[in-house]
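Novice: One structure coming up, written as structure tokens, with questions to follow.
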Amino acid sequence: MRVLVVEDDEKISSFVSKGLKQAGFAVDQAGDGEEGLFMALNNPYDVAVIDLMLPGRDGLSLIEELRKKRISTPVLILSARSSVDDKVKGLQTGGDDYLSKPFSFSELLARVQALLRRSSLTVPVNKLRVGDLEIDLLKREVRRGEALIDLRPREYALLEYLIRNAGTVVSKTMILEHVWDYHFDPQTNVVDVLIHRLRSKIDEGCRQKLIHTVRGSGYVIKDS
């Protein structure tokens, strides 16, 4: 999952971005409203975390412009303004949730995950499934059959991306953009290495393989 963080306070931006990366998200950062708008209009994001007090273009204006352009990316507003009127204005402008500063990262993460669940229209609210493989999004647990599978954050992020696109071939470039927070050389083997590690945990010892290589195109997860 890919998150855009638009925050001009470098300490807060670094704190939020580092925490999201450790939780398995790919993160892009913008330090002002104009940069944030450009990135949100030109890249696919699963969630955006946007501060209201931004140089160049304020957060409300940014969100309003996104909605005018029919960009439906869920938005979590961050703000030092905590009055009811400020919250109502932020939500009426197009924000999906509002978190007042100061905040704990655990609460921010929970709200980001809630926005992801609410924005998913094609899968059950709490779980993703392909064959006998299941991800519990609330517990961040992965099971194949009755067996609990322990995944590192990057492995979990890759599996979640694959399973959200089950039956669709995703290229190495698409995986790099959604699982990592920056662009690698497309010729790098980092995706192959991560796929190999994930396969060893998901498919090893199972009669039916779920993760498939489509030569020259990328990878797909499917149960047939």
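Numbering starts fresh at 1 for the residues of each chain in the structure tokens, the chains themselves are lettered A, B, ... in the order given, and ligands are numbered from 1 as they appear.
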Mind running region 84-182 of chain A against region 208-219 of chain A at 7 Å and telling me each contacting residue's nearest atom pair with the distance in Å (one decimal), counting only C-alpha atoms, chain and number ascending, as JSON lines?

Specialist:
```
{"residue": "A:Val169", "atom": "CA", "partner": "A:Tyr219", "partner_atom": "CA", "distance": 5.3}
{"residue": "A:Val170", "atom": "CA", "partner": "A:Gly218", "partner_atom": "CA", "distance": 5.4}
{"residue": "A:Ser171", "atom": "CA", "partner": "A:Gly218", "partner_atom": "CA", "distance": 4.2}
{"residue": "A:Lys172", "atom": "CA", "partner": "A:Gly218", "partner_atom": "CA", "distance": 5.8}
```

Novice: Would you write out those residues with N, CA, C and O atoms, as an mmCIF file, in the first residue's frame?

Specialist:
```cif
data_model
loop_
_atom_site.group_PDB
_atom_site.id
_atom_site.type_symbol
_atom_site.label_atom_id
_atom_site.label_comp_id
_atom_site.auth_asym_id
_atom_site.auth_seq_id
_atom_site.Cartn_x
_atom_site.Cartn_y
_atom_site.Cartn_z
ATOM 1 N N VAL A 169 -2.026 -9.708 -13.517
ATOM 2 C CA VAL A 169 -0.560 -9.702 -13.556
ATOM 3 C C VAL A 169 -0.061 -8.312 -13.197
ATOM 4 O O VAL A 169 -0.505 -7.309 -13.771
ATOM 5 N N VAL A 170 0.840 -8.237 -12.219
ATOM 6 C CA VAL A 170 1.449 -6.954 -11.846
ATOM 7 C C VAL A 170 2.929 -7.001 -12.210
ATOM 8 O O VAL A 170 3.610 -7.995 -11.958
ATOM 9 N N SER A 171 3.411 -5.934 -12.808
ATOM 10 C CA SER A 171 4.799 -5.882 -13.269
ATOM 11 C C SER A 171 5.742 -5.572 -12.118
ATOM 12 O O SER A 171 5.320 -5.138 -11.042
ATOM 13 N N LYS A 172 7.029 -5.762 -12.372
ATOM 14 C CA LYS A 172 8.027 -5.410 -11.362
ATOM 15 C C LYS A 172 7.954 -3.921 -11.028
ATOM 16 O O LYS A 172 8.078 -3.523 -9.868
#
```

Novice: Wanna dump the region 88-195 of chain A-region 16-38 of chain A contacts at 6 Å for me, each residue with its shortest atom pair and the distance in Å to one decimal, counting only C-alpha atoms, ordered by chain and number, as JSON lines?

Specialist:
```
{"residue": "A:Pro153", "atom": "CA", "partner": "A:Gly24", "partner_atom": "CA", "distance": 4.4}
{"residue": "A:Arg154", "atom": "CA", "partner": "A:Gly24", "partner_atom": "CA", "distance": 5.3}
{"residue": "A:Ala157", "atom": "CA", "partner": "A:Gly24", "partner_atom": "CA", "distance": 5.3}
{"residue": "A:His178", "atom": "CA", "partner": "A:Ala26", "partner_atom": "CA", "distance": 6.0}
{"residue": "A:Val179", "atom": "CA", "partner": "A:Ala26", "partner_atom": "CA", "distance": 5.2}
{"residue": "A:Trp180", "atom": "CA", "partner": "A:Ala26", "partner_atom": "CA", "distance": 4.8}
{"residue": "A:Asp181", "atom": "CA", "partner": "A:Ala26", "partner_atom": "CA", "distance": 4.2}
```

Novice: So, counting only C-alpha atoms, which residue among A:Leu109, A:Ile77, A:Leu54, A:Ala114 is closest to Phe15 (chain A)?

Specialist: A:Leu109

Novice: Could you tell me, as a PDB file with C-alpha atoms, in the first residue's frame, which residues of region 14-205 of chain A DSSP assigns to strand (DSSP E or B) when given the backbone?

Specialist:
```
ATOM      1  CA  ALA A  26       5.483   2.612   0.772  1.00  0.00           C
ATOM      2  CA  VAL A  27       5.635   6.341   1.571  1.00  0.00           C
ATOM      3  CA  ASP A  28       6.124   9.472  -0.535  1.00  0.00           C
ATOM      4  CA  GLN A  29       6.680  12.827   1.185  1.00  0.00           C
ATOM      5  CA  ALA A  30       5.840  16.389   0.150  1.00  0.00           C
ATOM      6  CA  VAL A  47      -4.212   6.983   1.408  1.00  0.00           C
ATOM      7  CA  ALA A  48      -3.014  10.574   1.840  1.00  0.00           C
ATOM      8  CA  VAL A  49      -2.056  12.138   5.191  1.00  0.00           C
ATOM      9  CA  ILE A  50      -2.322  15.922   4.802  1.00  0.00           C
ATOM     10  CA  ASP A  51      -1.512  18.731   7.221  1.00  0.00           C
ATOM     11  CA  VAL A  75      -7.509  11.649   3.198  1.00  0.00           C
ATOM     12  CA  LEU A  76      -6.514  11.750   6.848  1.00  0.00           C
ATOM     13  CA  ILE A  77      -6.206  15.387   7.930  1.00  0.00           C
ATOM     14  CA  LEU A  78      -3.530  16.343  10.463  1.00  0.00           C
ATOM     15  CA  SER A  79      -3.886  19.668  12.241  1.00  0.00           C
ATOM     16  CA  ASP A  97     -10.880  11.596   8.922  1.00  0.00           C
ATOM     17  CA  TYR A  98      -9.324  14.206  11.202  1.00  0.00           C
ATOM     18  CA  LEU A  99      -6.494  13.750  13.718  1.00  0.00           C
ATOM     19  CA  SER A 100      -5.470  16.609  16.004  1.00  0.00           C
ATOM     20  CA  LYS A 127     -10.091 -10.031   5.290  1.00  0.00           C
ATOM     21  CA  LEU A 128      -8.537 -10.792   1.900  1.00  0.00           C
ATOM     22  CA  ARG A 129      -8.560 -14.323   0.520  1.00  0.00           C
ATOM     23  CA  VAL A 130      -7.216 -16.335  -2.406  1.00  0.00           C
ATOM     24  CA  LEU A 133      -4.700 -18.207   1.849  1.00  0.00           C
ATOM     25  CA  GLU A 134      -6.152 -15.450   4.032  1.00  0.00           C
ATOM     26  CA  ILE A 135      -4.977 -12.075   5.322  1.00  0.00           C
ATOM     27  CA  ASP A 136      -6.674 -10.620   8.384  1.00  0.00           C
ATOM     28  CA  GLU A 141      -2.152 -12.023  10.317  1.00  0.00           C
ATOM     29  CA  VAL A 142      -1.615 -14.383   7.377  1.00  0.00           C
ATOM     30  CA  ARG A 143      -2.831 -17.973   7.325  1.00  0.00           C
ATOM     31  CA  ARG A 144      -2.748 -20.724   4.768  1.00  0.00           C
ATOM     32  CA  ALA A 147      -1.158 -22.577   9.551  1.00  0.00           C
ATOM     33  CA  LEU A 148      -0.168 -19.103  10.765  1.00  0.00           C
ATOM     34  CA  ILE A 149       2.549 -17.598   8.539  1.00  0.00           C
ATOM     35  CA  VAL A 170       1.449  -6.954 -11.846  1.00  0.00           C
TER      36      VAL A 170
END
```

Novice: In Å, rounded to a single decimal, give me how far CA of Ala40 (chain A) is from CA of Leu60 (chain A).

Specialist: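 About the pair CA of Leu60 (chain A) and CA of Ala40 (chain A): they are 14.0 Å apart.
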